[in-house]
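> Contents of input-v5.txt (compact mmCIF, C-alpha atoms and all ligand atoms):
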```txt
# COMPACT_ATOMS: atom_id res chain seq x y z
CA MET A 1 -43.74 52.66 71.19
CA PHE A 2 -41.01 51.81 68.68
CA ARG A 3 -37.34 52.64 68.25
CA THR A 4 -36.36 54.97 65.40
CA ILE A 5 -32.98 55.38 63.74
CA ASP A 6 -32.38 58.50 65.86
CA LYS A 7 -31.00 56.39 68.69
CA LEU A 8 -29.00 53.93 66.59
CA ASP A 9 -25.23 54.25 66.67
CA VAL A 10 -24.67 53.40 63.02
CA LYS A 11 -21.12 54.65 62.39
CA GLY A 12 -19.09 51.76 60.99
CA ALA A 13 -21.98 49.33 61.52
CA ARG A 14 -23.43 47.06 58.85
CA VAL A 15 -27.08 48.14 58.75
CA LEU A 16 -29.57 45.82 57.07
CA VAL A 17 -32.41 47.95 55.69
CA ARG A 18 -35.63 46.19 54.63
CA ALA A 19 -37.02 48.54 51.99
CA ASP A 20 -40.02 48.23 49.72
CA LEU A 21 -38.59 48.52 46.22
CA ASN A 22 -41.29 46.38 44.65
CA VAL A 23 -41.78 48.81 41.77
CA PRO A 24 -43.93 48.30 38.69
CA ALA A 25 -41.90 47.08 35.71
CA LYS A 26 -42.59 46.11 32.11
CA ASP A 27 -40.34 44.26 29.66
CA GLY A 28 -37.43 44.39 32.12
CA LYS A 29 -37.74 48.17 32.65
CA VAL A 30 -38.90 50.02 35.73
CA THR A 31 -42.02 52.05 34.85
CA ASP A 32 -42.45 54.03 38.07
CA THR A 33 -39.63 54.83 40.50
CA THR A 34 -41.80 56.34 43.28
CA ARG A 35 -41.00 53.59 45.78
CA ILE A 36 -37.27 53.82 45.09
CA ASP A 37 -37.32 57.60 45.42
CA ARG A 38 -39.29 57.49 48.67
CA SER A 39 -36.95 54.86 50.16
CA ALA A 40 -33.86 56.94 49.44
CA ALA A 41 -34.20 59.27 52.47
CA THR A 42 -33.45 56.59 55.06
CA LEU A 43 -30.59 55.13 52.99
CA ILE A 44 -28.99 58.53 52.42
CA GLU A 45 -29.28 59.46 56.10
CA LEU A 46 -27.76 56.17 57.29
CA ALA A 47 -24.92 56.39 54.76
CA SER A 48 -24.18 59.99 55.67
CA ARG A 49 -23.97 58.95 59.32
CA GLY A 50 -21.26 56.44 58.36
CA ALA A 51 -23.28 53.23 58.17
CA ARG A 52 -22.47 50.42 55.74
CA VAL A 53 -25.93 50.10 54.30
CA VAL A 54 -27.19 46.74 53.03
CA VAL A 55 -30.56 46.91 51.28
CA LEU A 56 -32.93 43.94 51.39
CA THR A 57 -36.15 43.94 49.40
CA HIS A 58 -38.47 41.76 47.32
CA PHE A 59 -39.62 42.16 43.77
CA GLY A 60 -42.66 40.38 42.33
CA ARG A 61 -43.72 36.87 43.27
CA PRO A 62 -40.97 34.58 42.02
CA LYS A 63 -41.16 30.84 42.51
CA GLY A 64 -37.55 30.23 43.51
CA ARG A 65 -34.82 31.91 41.47
CA GLU A 66 -36.42 33.43 38.32
CA GLU A 67 -34.21 35.85 36.43
CA LYS A 68 -37.15 37.98 35.31
CA TYR A 69 -37.57 38.93 38.98
CA SER A 70 -33.91 39.82 39.47
CA GLN A 71 -33.56 43.16 41.17
CA LYS A 72 -30.54 44.09 39.13
CA LEU A 73 -32.82 46.29 37.05
CA LEU A 74 -33.34 48.50 40.11
CA LEU A 75 -29.65 49.20 40.55
CA GLU A 76 -29.22 52.22 38.28
CA HIS A 77 -32.44 53.81 39.62
CA LEU A 78 -31.36 53.26 43.21
CA SER A 79 -27.91 54.72 42.51
CA LYS A 80 -29.57 57.77 40.98
CA ALA A 81 -31.93 58.14 43.94
CA VAL A 82 -29.16 57.97 46.57
CA GLY A 83 -26.71 60.00 44.47
CA LYS A 84 -23.85 57.47 44.53
CA PRO A 85 -22.91 54.06 43.07
CA VAL A 86 -24.61 51.11 44.76
CA ALA A 87 -22.82 47.75 45.03
CA TRP A 88 -24.65 44.62 43.88
CA ALA A 89 -24.75 41.06 45.22
CA ASP A 90 -26.19 38.18 43.22
CA ASP A 91 -27.76 36.62 46.27
CA CYS A 92 -29.11 37.89 49.59
CA ILE A 93 -27.33 35.25 51.73
CA GLY A 94 -24.19 33.11 51.40
CA PRO A 95 -20.70 33.78 49.99
CA ASP A 96 -21.75 36.31 47.29
CA ALA A 97 -23.59 38.49 49.76
CA GLU A 98 -20.87 38.11 52.42
CA ALA A 99 -18.13 39.17 49.99
CA VAL A 100 -20.01 42.28 48.89
CA VAL A 101 -20.95 43.30 52.44
CA SER A 102 -17.44 42.80 53.79
CA GLY A 103 -16.11 45.01 50.96
CA LEU A 104 -18.28 47.96 52.03
CA LYS A 105 -16.69 51.03 53.59
CA ASP A 106 -18.41 53.49 55.92
CA GLY A 107 -21.06 55.37 53.92
CA ASP A 108 -21.33 52.75 51.16
CA ILE A 109 -24.59 51.17 50.04
CA ALA A 110 -25.21 47.68 48.61
CA LEU A 111 -28.34 46.12 47.14
CA LEU A 112 -28.78 42.37 47.59
CA GLU A 113 -30.74 40.12 45.22
CA ASN A 114 -34.47 39.44 45.75
CA VAL A 115 -35.12 37.90 49.18
CA ARG A 116 -38.03 35.94 47.65
CA PHE A 117 -35.64 33.90 45.50
CA HIS A 118 -35.51 31.83 48.69
CA PRO A 119 -38.89 30.25 49.57
CA GLU A 120 -37.70 30.32 53.21
CA GLU A 121 -38.25 34.09 53.22
CA GLU A 122 -42.05 33.85 53.14
CA LYS A 123 -41.99 30.91 55.57
CA ASN A 124 -40.11 33.09 58.07
CA ASP A 125 -37.63 30.23 58.32
CA ALA A 126 -35.35 30.58 61.35
CA GLU A 127 -32.17 29.41 59.57
CA PHE A 128 -32.77 31.78 56.65
CA ALA A 129 -33.36 34.68 59.05
CA LYS A 130 -30.08 33.78 60.79
CA ALA A 131 -28.24 33.79 57.45
CA LEU A 132 -29.60 37.29 56.76
CA ALA A 133 -28.74 38.41 60.29
CA ALA A 134 -25.13 37.26 59.79
CA LEU A 135 -24.75 40.11 57.27
CA GLY A 136 -25.65 42.92 59.66
CA ASP A 137 -25.07 44.46 63.06
CA LEU A 138 -28.32 46.43 63.04
CA TYR A 139 -31.71 46.08 61.33
CA VAL A 140 -33.92 48.89 60.04
CA ASN A 141 -37.39 48.16 58.70
CA ASP A 142 -38.59 50.84 56.29
CA ALA A 143 -41.24 48.75 54.50
CA PHE A 144 -44.62 49.39 56.14
CA SER A 145 -46.33 47.97 53.04
CA THR A 146 -45.04 44.47 53.85
CA ALA A 147 -45.42 44.78 57.63
CA HIS A 148 -48.64 42.72 57.59
CA ARG A 149 -46.56 39.70 56.54
CA ALA A 150 -44.44 37.79 59.06
CA HIS A 151 -41.58 37.00 56.70
CA ALA A 152 -37.90 36.52 57.56
CA SER A 153 -36.81 39.93 56.30
CA THR A 154 -39.87 41.76 57.69
CA GLU A 155 -40.26 40.05 61.07
CA GLY A 156 -37.79 37.25 61.89
CA LEU A 157 -34.72 39.48 61.52
CA ALA A 158 -36.04 42.01 64.02
CA HIS A 159 -35.64 39.42 66.78
CA LEU A 160 -32.03 38.61 65.89
CA VAL A 161 -30.35 42.03 65.60
CA PRO A 162 -31.16 45.36 67.29
CA ALA A 163 -34.08 46.77 65.27
CA ALA A 164 -35.53 50.18 64.49
CA ALA A 165 -38.05 51.82 62.16
CA GLY A 166 -36.70 53.73 59.15
CA ARG A 167 -37.99 57.20 58.29
CA LEU A 168 -40.78 55.99 55.95
CA MET A 169 -42.01 53.44 58.48
CA GLN A 170 -41.80 56.09 61.20
CA ALA A 171 -43.83 58.61 59.17
CA GLU A 172 -46.48 55.98 58.43
CA LEU A 173 -46.76 54.82 62.05
CA GLU A 174 -46.93 58.37 63.35
CA ALA A 175 -49.65 59.32 60.84
CA LEU A 176 -51.69 56.21 61.58
CA SER A 177 -51.39 56.66 65.30
CA LYS A 178 -52.57 60.29 65.04
CA ALA A 179 -55.55 59.17 62.96
CA LEU A 180 -56.86 56.27 65.01
CA GLY A 181 -54.52 55.59 67.93
CA SER A 182 -55.05 58.78 69.89
CA PRO A 183 -56.94 61.06 67.48
CA GLU A 184 -58.34 64.50 68.01
CA ARG A 185 -62.12 64.13 68.06
CA PRO A 186 -64.58 64.12 66.45
CA VAL A 187 -63.19 61.52 64.04
CA ALA A 188 -64.85 60.66 60.73
CA ALA A 189 -64.13 57.70 58.47
CA VAL A 190 -65.12 57.66 54.81
CA VAL A 191 -65.43 54.08 53.62
CA GLY A 192 -66.37 53.54 50.01
CA GLY A 193 -65.63 51.07 47.28
CA ALA A 194 -67.40 48.20 45.66
CA LYS A 195 -68.42 45.65 48.24
CA VAL A 196 -69.32 45.30 51.91
CA SER A 197 -68.00 41.73 51.90
CA THR A 198 -64.37 42.81 51.36
CA LYS A 199 -64.50 45.43 54.13
CA LEU A 200 -66.45 43.71 56.88
CA GLU A 201 -63.65 43.63 59.44
CA LEU A 202 -62.74 47.19 58.62
CA LEU A 203 -66.31 48.44 59.13
CA GLY A 204 -66.63 46.39 62.32
CA ASN A 205 -63.46 47.94 63.76
CA LEU A 206 -64.23 51.50 62.69
CA VAL A 207 -67.72 51.72 64.22
CA SER A 208 -66.19 51.38 67.66
CA ARG A 209 -63.39 53.89 66.98
CA VAL A 210 -64.92 56.79 65.04
CA ASP A 211 -67.73 59.28 65.67
CA TYR A 212 -69.01 59.36 62.06
CA LEU A 213 -68.84 56.49 59.58
CA ILE A 214 -69.58 57.84 56.12
CA ILE A 215 -70.44 54.99 53.77
CA GLY A 216 -70.35 55.45 50.00
CA GLY A 217 -69.75 53.62 46.73
CA GLY A 218 -71.31 50.29 45.84
CA MET A 219 -71.28 49.20 49.47
CA ALA A 220 -73.71 51.98 50.43
CA ASN A 221 -76.27 50.27 48.16
CA THR A 222 -76.15 47.17 50.34
CA PHE A 223 -76.76 49.28 53.46
CA LEU A 224 -79.64 51.12 51.75
CA PHE A 225 -81.13 47.80 50.61
CA ALA A 226 -80.80 46.45 54.18
CA GLN A 227 -82.96 49.37 55.28
CA GLY A 228 -85.67 48.54 52.75
CA VAL A 229 -84.62 50.92 49.95
CA GLN A 230 -85.09 49.63 46.37
CA VAL A 231 -81.77 49.95 44.57
CA GLY A 232 -82.80 48.87 41.04
CA LYS A 233 -79.95 47.34 38.99
CA SER A 234 -77.26 48.72 41.33
CA LEU A 235 -74.30 46.70 42.52
CA CYS A 236 -75.70 45.27 45.76
CA GLU A 237 -74.81 42.25 47.89
CA LYS A 238 -78.32 41.31 48.95
CA GLU A 239 -77.02 38.31 50.90
CA MET A 240 -75.07 40.75 53.09
CA ALA A 241 -78.19 42.60 54.25
CA ASP A 242 -78.20 40.92 57.69
CA THR A 243 -74.51 41.72 58.13
CA ALA A 244 -75.14 45.34 57.14
CA ARG A 245 -77.96 45.54 59.71
CA SER A 246 -75.72 44.15 62.43
CA ILE A 247 -73.05 46.76 61.60
CA LEU A 248 -75.76 49.45 61.89
CA ASP A 249 -76.78 48.04 65.30
CA LYS A 250 -73.18 47.89 66.47
CA ALA A 251 -72.70 51.51 65.38
CA LYS A 252 -75.77 52.61 67.32
CA ALA A 253 -74.55 50.85 70.46
CA ALA A 254 -71.12 52.49 70.06
CA ASN A 255 -72.62 55.95 69.50
CA CYS A 256 -71.17 56.10 65.99
CA ARG A 257 -73.32 57.99 63.50
CA ILE A 258 -73.65 56.26 60.14
CA VAL A 259 -73.91 58.67 57.20
CA LEU A 260 -75.49 57.18 54.05
CA PRO A 261 -76.34 58.96 50.79
CA VAL A 262 -79.59 60.93 50.75
CA ASP A 263 -79.52 61.35 46.98
CA VAL A 264 -77.74 59.40 44.23
CA VAL A 265 -76.69 59.67 40.59
CA VAL A 266 -78.28 56.92 38.51
CA ALA A 267 -77.71 55.69 34.95
CA SER A 268 -78.77 52.67 32.95
CA GLN A 269 -75.21 51.76 31.88
CA PHE A 270 -71.83 51.56 33.61
CA VAL A 271 -70.01 53.62 30.96
CA GLU A 272 -68.25 56.98 30.72
CA ASN A 273 -70.67 59.87 30.18
CA ALA A 274 -73.75 57.62 30.36
CA PRO A 275 -76.90 59.79 30.46
CA ASN A 276 -77.69 60.18 34.15
CA THR A 277 -80.04 61.80 36.64
CA VAL A 278 -79.98 62.70 40.32
CA VAL A 279 -82.76 61.15 42.40
CA PRO A 280 -83.50 60.84 46.12
CA THR A 281 -82.23 57.49 47.46
CA ASN A 282 -85.78 56.23 47.86
CA ALA A 283 -86.67 56.87 44.20
CA VAL A 284 -84.15 54.80 42.22
CA PRO A 285 -85.87 53.69 38.96
CA GLU A 286 -86.12 49.90 38.60
CA GLY A 287 -83.94 49.61 35.47
CA GLU A 288 -81.20 52.01 36.63
CA MET A 289 -78.10 51.72 38.79
CA ILE A 290 -76.55 53.97 41.39
CA LEU A 291 -73.10 55.10 40.22
CA ASP A 292 -72.35 57.97 42.56
CA ALA A 293 -73.57 59.84 45.61
CA GLY A 294 -75.59 62.93 44.65
CA PRO A 295 -74.82 66.62 45.31
CA ALA A 296 -76.95 66.81 48.47
CA SER A 297 -75.09 63.78 49.87
CA ALA A 298 -71.71 65.31 49.02
CA ALA A 299 -72.77 68.60 50.67
CA ALA A 300 -73.90 66.72 53.83
CA ILE A 301 -70.58 64.84 54.02
CA ILE A 302 -68.62 68.07 53.58
CA GLU A 303 -70.68 69.71 56.34
CA CYS A 304 -70.00 66.73 58.60
CA LEU A 305 -66.24 66.98 57.92
CA GLY A 306 -66.38 70.69 58.73
CA GLY A 307 -67.22 69.73 62.33
CA CYS A 308 -64.52 67.03 62.61
CA LYS A 309 -60.85 67.19 63.58
CA THR A 310 -59.68 63.90 62.03
CA LEU A 311 -60.57 61.97 58.87
CA VAL A 312 -59.58 58.46 57.78
CA TRP A 313 -60.48 57.61 54.18
CA ASN A 314 -60.59 54.32 52.31
CA GLY A 315 -62.49 53.74 49.09
CA PRO A 316 -64.21 56.02 46.54
CA LEU A 317 -67.77 57.34 46.94
CA GLY A 318 -68.74 56.30 43.41
CA ALA A 319 -67.50 54.77 40.17
CA PHE A 320 -64.75 57.41 40.12
CA GLU A 321 -62.91 55.96 37.10
CA ILE A 322 -65.73 56.96 34.74
CA SER A 323 -66.74 60.59 34.53
CA PRO A 324 -69.08 62.13 35.66
CA PHE A 325 -69.47 59.50 38.38
CA ASP A 326 -66.38 60.87 40.13
CA MET A 327 -68.28 63.99 41.20
CA ALA A 328 -68.92 63.12 44.88
CA THR A 329 -65.43 61.64 45.39
CA ASN A 330 -63.82 64.75 43.88
CA ALA A 331 -65.99 67.23 45.78
CA VAL A 332 -65.46 65.58 49.17
CA ALA A 333 -61.73 64.99 48.54
CA GLN A 334 -61.24 68.65 47.55
CA ALA A 335 -63.17 69.88 50.58
CA ALA A 336 -61.11 67.62 52.88
CA ALA A 337 -57.92 68.94 51.26
CA ALA A 338 -59.06 72.55 51.82
CA LEU A 339 -59.83 71.84 55.50
CA THR A 340 -56.38 70.23 55.81
CA LYS A 341 -54.75 73.31 54.31
CA GLN A 342 -56.60 75.53 56.80
CA GLY A 343 -55.23 73.35 59.63
CA LYS A 344 -58.74 72.32 60.67
CA LEU A 345 -58.65 68.63 59.73
CA LEU A 346 -56.00 65.90 59.91
CA THR A 347 -56.54 63.71 56.85
CA VAL A 348 -55.13 60.21 56.45
CA ALA A 349 -56.07 58.10 53.44
CA GLY A 350 -54.93 54.90 51.83
CA GLY A 351 -55.61 51.47 50.44
CA GLY A 352 -56.26 50.20 46.92
CA ASP A 353 -58.09 52.62 44.68
CA THR A 354 -58.10 55.45 47.18
CA VAL A 355 -54.70 56.77 46.15
CA SER A 356 -55.73 56.91 42.47
CA ALA A 357 -59.10 58.46 43.36
CA LEU A 358 -57.38 61.23 45.33
CA ALA A 359 -54.81 61.71 42.57
CA LYS A 360 -57.64 62.03 40.03
CA ALA A 361 -59.25 64.65 42.28
CA GLY A 362 -55.86 66.47 42.25
CA VAL A 363 -55.41 66.35 46.04
CA ASP A 364 -53.19 63.36 46.78
CA ASP A 365 -50.38 65.66 47.91
CA MET A 366 -52.72 67.88 49.94
CA PHE A 367 -53.82 65.33 52.55
CA SER A 368 -51.89 65.13 55.82
CA TYR A 369 -50.79 61.61 54.88
CA VAL A 370 -51.57 59.26 52.02
CA SER A 371 -50.47 55.68 52.53
CA THR A 372 -49.54 53.70 49.44
CA ALA A 373 -49.39 50.51 51.49
CA GLY A 374 -52.51 48.68 50.19
CA GLY A 375 -52.89 45.48 52.25
CA ALA A 376 -50.99 46.67 55.32
CA PHE A 377 -53.07 49.88 55.50
CA LEU A 378 -56.31 47.88 55.28
CA GLU A 379 -55.20 45.42 57.97
CA TRP A 380 -54.32 48.37 60.18
CA LEU A 381 -57.82 49.84 59.58
CA GLU A 382 -59.20 46.46 60.55
CA GLY A 383 -57.46 46.87 63.90
CA LYS A 384 -55.05 43.98 63.36
CA THR A 385 -51.57 43.77 64.82
CA LEU A 386 -49.04 43.95 61.99
CA PRO A 387 -46.23 41.48 62.75
CA GLY A 388 -43.54 43.64 61.13
CA VAL A 389 -44.57 46.59 63.32
CA ALA A 390 -45.05 44.54 66.49
CA ALA A 391 -41.48 43.24 66.11
CA LEU A 392 -40.17 46.83 66.30
CA GLU A 393 -42.00 47.65 69.48
CA ILE A 394 -39.88 48.43 72.47
CA LYS A 395 -40.59 46.01 75.25
CA PRO A 396 -40.00 47.43 78.70
CA ALA A 397 -37.02 45.72 80.34
CA PRO A 398 -37.80 44.32 83.78
CA GLY A 399 -37.71 47.38 86.01
CA GLY A 400 -36.99 49.61 82.98
CA CYS A 401 -39.02 52.56 81.78
CA GLY A 402 -39.76 51.11 78.34
CA CYS A 403 -38.70 54.19 76.39
CA GLY A 404 -35.79 52.44 74.75
CA CYS A 405 -33.22 54.59 76.50
CA GLY A 406 -31.45 51.58 77.96
P1 LIG B 1 -62.58 48.98 46.38
O1 LIG B 1 -61.46 48.31 45.66
O2 LIG B 1 -63.42 48.06 47.22
O3 LIG B 1 -62.13 50.21 47.13
O4 LIG B 1 -63.60 49.45 45.27
C1 LIG B 1 -63.29 50.42 44.30
C2 LIG B 1 -64.20 50.23 43.13
O5 LIG B 1 -65.53 50.45 43.53
C3 LIG B 1 -63.92 51.21 42.03
O6 LIG B 1 -63.49 50.50 40.91
C4 LIG B 1 -65.27 51.86 41.77
O7 LIG B 1 -65.59 52.01 40.40
C5 LIG B 1 -66.23 50.90 42.40
N1 LIG B 1 -67.49 51.54 42.77
C6 LIG B 1 -67.68 52.57 43.57
N2 LIG B 1 -68.98 52.91 43.63
C7 LIG B 1 -69.63 52.08 42.81
C8 LIG B 1 -71.01 51.93 42.43
N3 LIG B 1 -71.96 52.73 42.94
N4 LIG B 1 -71.32 50.95 41.57
C9 LIG B 1 -70.35 50.14 41.08
N5 LIG B 1 -69.04 50.23 41.39
C10 LIG B 1 -68.69 51.19 42.25
```
As structure tokens - that is how I would like this structure written.
Ligand code: AMP

Amino acid sequence: MFRTIDKLDVKGARVLVRADLNVPAKDGKVTDTTRIDRSAATLIELASRGARVVVLTHFGRPKGREEKYSQKLLLEHLSKAVGKPVAWADDCIGPDAEAVVSGLKDGDIALLENVRFHPEEEKNDAEFAKALAALGDLYVNDAFSTAHRAHASTEGLAHLVPAAAGRLMQAELEALSKALGSPERPVAAVVGGAKVSTKLELLGNLVSRVDYLIIGGGMANTFLFAQGVQVGKSLCEKEMADTARSILDKAKAANCRIVLPVDVVVASQFVENAPNTVVPTNAVPEGEMILDAGPASAAAIIECLGGCKTLVWNGPLGAFEISPFDMATNAVAQAAAALTKQGKLLTVAGGGDTVSALAKAGVDDMFSYVSTAGGAFLEWLEGKTLPGVAALEIKPAPGGCGCGCG
């Protein structure tokens, strides 16, 4: 259980908000403001409740102070997103920051310079965390995407000032908890993508938590190979065959049904519109490669989802970037979106290419929740404790009820 901003008395308080404003930029210009726009809700709410809002965030991977990673370029976009001028401080600690913060009035918002200009940030240095804490009375973490890192502004600070989850963090945690914490069953997971080796921990965790594990993409080839299927020139990690077999055994012991393709789309080249054919999985020609799950596989997956209440999705079912090898990903994504719309399926997706695959299928805004938090989402699927989230958890006081009321 974690505290939200509902119970924070923010009027007149200096509230340090760790946001994720790490937006894509080119030649000193922001190219996509999605993260800024999404972060605005918490900032606007806090300001309208009379807080003096102090925004902390990182941008890029600077080595010390590097002007090309200055966050000043975010300022006009942030002002636009929150609908008012935002004050600026040239540093996130020290006299510059202190002067700007002490000049704030109730309802004002300030943006401080990149926390990663100080190497102490990523080391979760205690003195640096204290210097940040000196600028605030309360701390709100709204950056789920960096919650898998124990940095000063994502973890250390939460132990120094009263802490709560912002609205974005809250939405993410609630969606994730509904999907795997205490889900409505049956639960299915679609796991696709290129390689088994990058998703071992994720597969290992999911087999003990879901009822159906639907495996697609290049990694399905390794599972098929492990079962004696010839996969021709397909992407396949033959050295992972033993690992794939042990995941299959673990699934059996946990009563998790593994769903693998029954037919596949094969081509001799990995290029857009390459001539292709659909073959049963056990009839892949020697010189060809599997680039997508076939129509019978997609239909079987859709039927499986029709009997489920919850779906977690990470990774495409085929080489979705090159048409027509996006067919299975699109068909399954659209069916999952339709079931979501009918209220029959809770759908949570995220990680790496998944967001672009769902966007390409035209359904990224039709799932119950799509997480844009790459690494943090994957670590959560792996069953790991995210330090930034753990630091927000309410610990029951001795003799207390643990609900955060005290
Ligand atoms: P990941 O980052 O692990 O989620 O993998 C996504 C990548 O897997 C995408 O670039 C897809 O093109 C690729 N992929 C999916 N299926 C296949 C396949 N059958 N053969 C080769 N690459 C694939």
> Rounded to one decimal in Å, what is the spacing between atom CA of A:Tyr139 and atom CA of A:His77?
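Separation of atom CA of A:Tyr139 and atom CA of A:His77: 23.1 Å.
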> Could you list, with a cut-off of 9 Å and counting all atoms listed in the file, the residues of chain A near ligand LIG 1 (chain B), each shown with its nearest atom pair and the distance in Å rounded to one decimal, rows sorted by chain and ascending number, as JSON lines?

```
{"residue": "A:Val191", "atom": "CA", "partner": "B:LIG1", "partner_atom": "O3", "distance": 8.2}
{"residue": "A:Gly192", "atom": "CA", "partner": "B:LIG1", "partner_atom": "O3", "distance": 6.1}
{"residue": "A:Gly193", "atom": "CA", "partner": "B:LIG1", "partner_atom": "O4", "distance": 3.3}
{"residue": "A:Ala194", "atom": "CA", "partner": "B:LIG1", "partner_atom": "O5", "distance": 3.6}
{"residue": "A:Lys195", "atom": "CA", "partner": "B:LIG1", "partner_atom": "O2", "distance": 5.6}
{"residue": "A:Val196", "atom": "CA", "partner": "B:LIG1", "partner_atom": "O2", "distance": 8.0}
{"residue": "A:Thr198", "atom": "CA", "partner": "B:LIG1", "partner_atom": "O2", "distance": 6.8}
{"residue": "A:Lys199", "atom": "CA", "partner": "B:LIG1", "partner_atom": "O2", "distance": 7.5}
{"residue": "A:Gly216", "atom": "CA", "partner": "B:LIG1", "partner_atom": "N2", "distance": 7.0}
{"residue": "A:Gly217", "atom": "CA", "partner": "B:LIG1", "partner_atom": "N2", "distance": 3.3}
{"residue": "A:Gly218", "atom": "CA", "partner": "B:LIG1", "partner_atom": "C8", "distance": 3.8}
{"residue": "A:Met219", "atom": "CA", "partner": "B:LIG1", "partner_atom": "N2", "distance": 7.3}
{"residue": "A:Ala220", "atom": "CA", "partner": "B:LIG1", "partner_atom": "N3", "distance": 7.7}
{"residue": "A:Asn221", "atom": "CA", "partner": "B:LIG1", "partner_atom": "N3", "distance": 7.2}
{"residue": "A:Ser234", "atom": "CA", "partner": "B:LIG1", "partner_atom": "N4", "distance": 6.3}
{"residue": "A:Leu235", "atom": "CA", "partner": "B:LIG1", "partner_atom": "N4", "distance": 5.3}
{"residue": "A:Cys236", "atom": "CA", "partner": "B:LIG1", "partner_atom": "N4", "distance": 8.3}
{"residue": "A:Val264", "atom": "CA", "partner": "B:LIG1", "partner_atom": "N3", "distance": 8.9}
{"residue": "A:Val265", "atom": "CA", "partner": "B:LIG1", "partner_atom": "N3", "distance": 8.7}
{"residue": "A:Val266", "atom": "CA", "partner": "B:LIG1", "partner_atom": "N3", "distance": 8.8}
{"residue": "A:Phe270", "atom": "CA", "partner": "B:LIG1", "partner_atom": "C9", "distance": 7.7}
{"residue": "A:Met289", "atom": "CA", "partner": "B:LIG1", "partner_atom": "N4", "distance": 7.4}
{"residue": "A:Ile290", "atom": "CA", "partner": "B:LIG1", "partner_atom": "N3", "distance": 5.0}
{"residue": "A:Leu291", "atom": "CA", "partner": "B:LIG1", "partner_atom": "N3", "distance": 3.8}
{"residue": "A:Asp292", "atom": "CA", "partner": "B:LIG1", "partner_atom": "N3", "distance": 5.3}
{"residue": "A:Ala293", "atom": "CA", "partner": "B:LIG1", "partner_atom": "N3", "distance": 7.8}
{"residue": "A:Asn314", "atom": "CA", "partner": "B:LIG1", "partner_atom": "O3", "distance": 6.8}
{"residue": "A:Gly315", "atom": "CA", "partner": "B:LIG1", "partner_atom": "O3", "distance": 4.1}
{"residue": "A:Pro316", "atom": "CA", "partner": "B:LIG1", "partner_atom": "C6", "distance": 5.7}
{"residue": "A:Leu317", "atom": "CA", "partner": "B:LIG1", "partner_atom": "N2", "distance": 5.7}
{"residue": "A:Gly318", "atom": "CA", "partner": "B:LIG1", "partner_atom": "N2", "distance": 3.4}
{"residue": "A:Ala319", "atom": "CA", "partner": "B:LIG1", "partner_atom": "O7", "distance": 3.4}
{"residue": "A:Phe320", "atom": "CA", "partner": "B:LIG1", "partner_atom": "O7", "distance": 5.5}
{"residue": "A:Glu321", "atom": "CA", "partner": "B:LIG1", "partner_atom": "O7", "distance": 5.8}
{"residue": "A:Ile322", "atom": "CA", "partner": "B:LIG1", "partner_atom": "O7", "distance": 7.5}
{"residue": "A:Phe325", "atom": "CA", "partner": "B:LIG1", "partner_atom": "N2", "distance": 8.4}
{"residue": "A:Asp326", "atom": "CA", "partner": "B:LIG1", "partner_atom": "O7", "distance": 8.9}
{"residue": "A:Gly351", "atom": "CA", "partner": "B:LIG1", "partner_atom": "O3", "distance": 7.4}
{"residue": "A:Gly352", "atom": "CA", "partner": "B:LIG1", "partner_atom": "O1", "distance": 5.7}
{"residue": "A:Asp353", "atom": "CA", "partner": "B:LIG1", "partner_atom": "O3", "distance": 5.3}
{"residue": "A:Thr354", "atom": "CA", "partner": "B:LIG1", "partner_atom": "O3", "distance": 6.6}
{"residue": "A:Ala357", "atom": "CA", "partner": "B:LIG1", "partner_atom": "C3", "distance": 8.8}
```
> Would you mind listing, for every residue of stretch 86-108 of chain A within 10 Å of stretch 14-21 of chain A, the two atoms forming the shortest contact and the distance between them in Å to one decimal, using all atoms listed in the file, sorted by chain and ascending residue number, as a Markdown table?

```
| residue | atom | partner | partner_atom | distance |
| --- | --- | --- | --- | --- |
| A:Val101 | CA | A:Arg14 | CA | 7.8 |
| A:Ser102 | CA | A:Arg14 | CA | 8.9 |
| A:Leu104 | CA | A:Arg14 | CA | 8.6 |
| A:Lys105 | CA | A:Arg14 | CA | 9.4 |
| A:Asp106 | CA | A:Arg14 | CA | 8.7 |
| A:Gly107 | CA | A:Arg14 | CA | 9.9 |
| A:Asp108 | CA | A:Arg14 | CA | 9.8 |
```
> Hey, can you pull every residue with an atom no more than 12 Å from (-69.8, 67.5, 59.1), using all atoms listed in the file, and send it as a ChimeraX atom specification?
/A:186-190,211-214,257-259,297-311,332,335-336,339,345
> So, with only C-alpha atoms as the atoms that count, which of A:Thr154, A:Glu120, A:His148, A:Val86 lies closest to A:Thr57?
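Selected residue with least distance to A:Thr57: A:Thr154.
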> Name the closest residue to A:Pro62 among the candidates A:Gly83, A:Pro280, A:Pro119, A:Gly388; distances are taken between atoms, counting all atoms listed in the file.
A:Pro119
> So how many Å separate atom CA of A:Gly94 and atom CA of A:Asn22, to one decimal?
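Atom CA of A:Asn22 lies 22.7 Å from atom CA of A:Gly94.
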> Mind giving me the straight-line distance from atom CA of A:Thr347 to atom CA of A:Glu174 in Å, one decimal?
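Value for the atom CA of A:Thr347-atom CA of A:Glu174 distance: 12.8 Å.
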> For a quick check of understanding, using all atoms listed in the file, which of A:Ile109, A:Ala164, A:Ala328, A:Val207 has the smallest distance to A:Lys7?
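The shortest atom-to-atom distance to A:Lys7 comes from A:Ala164.
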> Using only C-alpha atoms, which residue out of A:Ala87, A:Ser246, A:Leu168, A:Pro275 lies closest to A:Ala99?
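The closest residue to A:Ala99 is A:Ala87.
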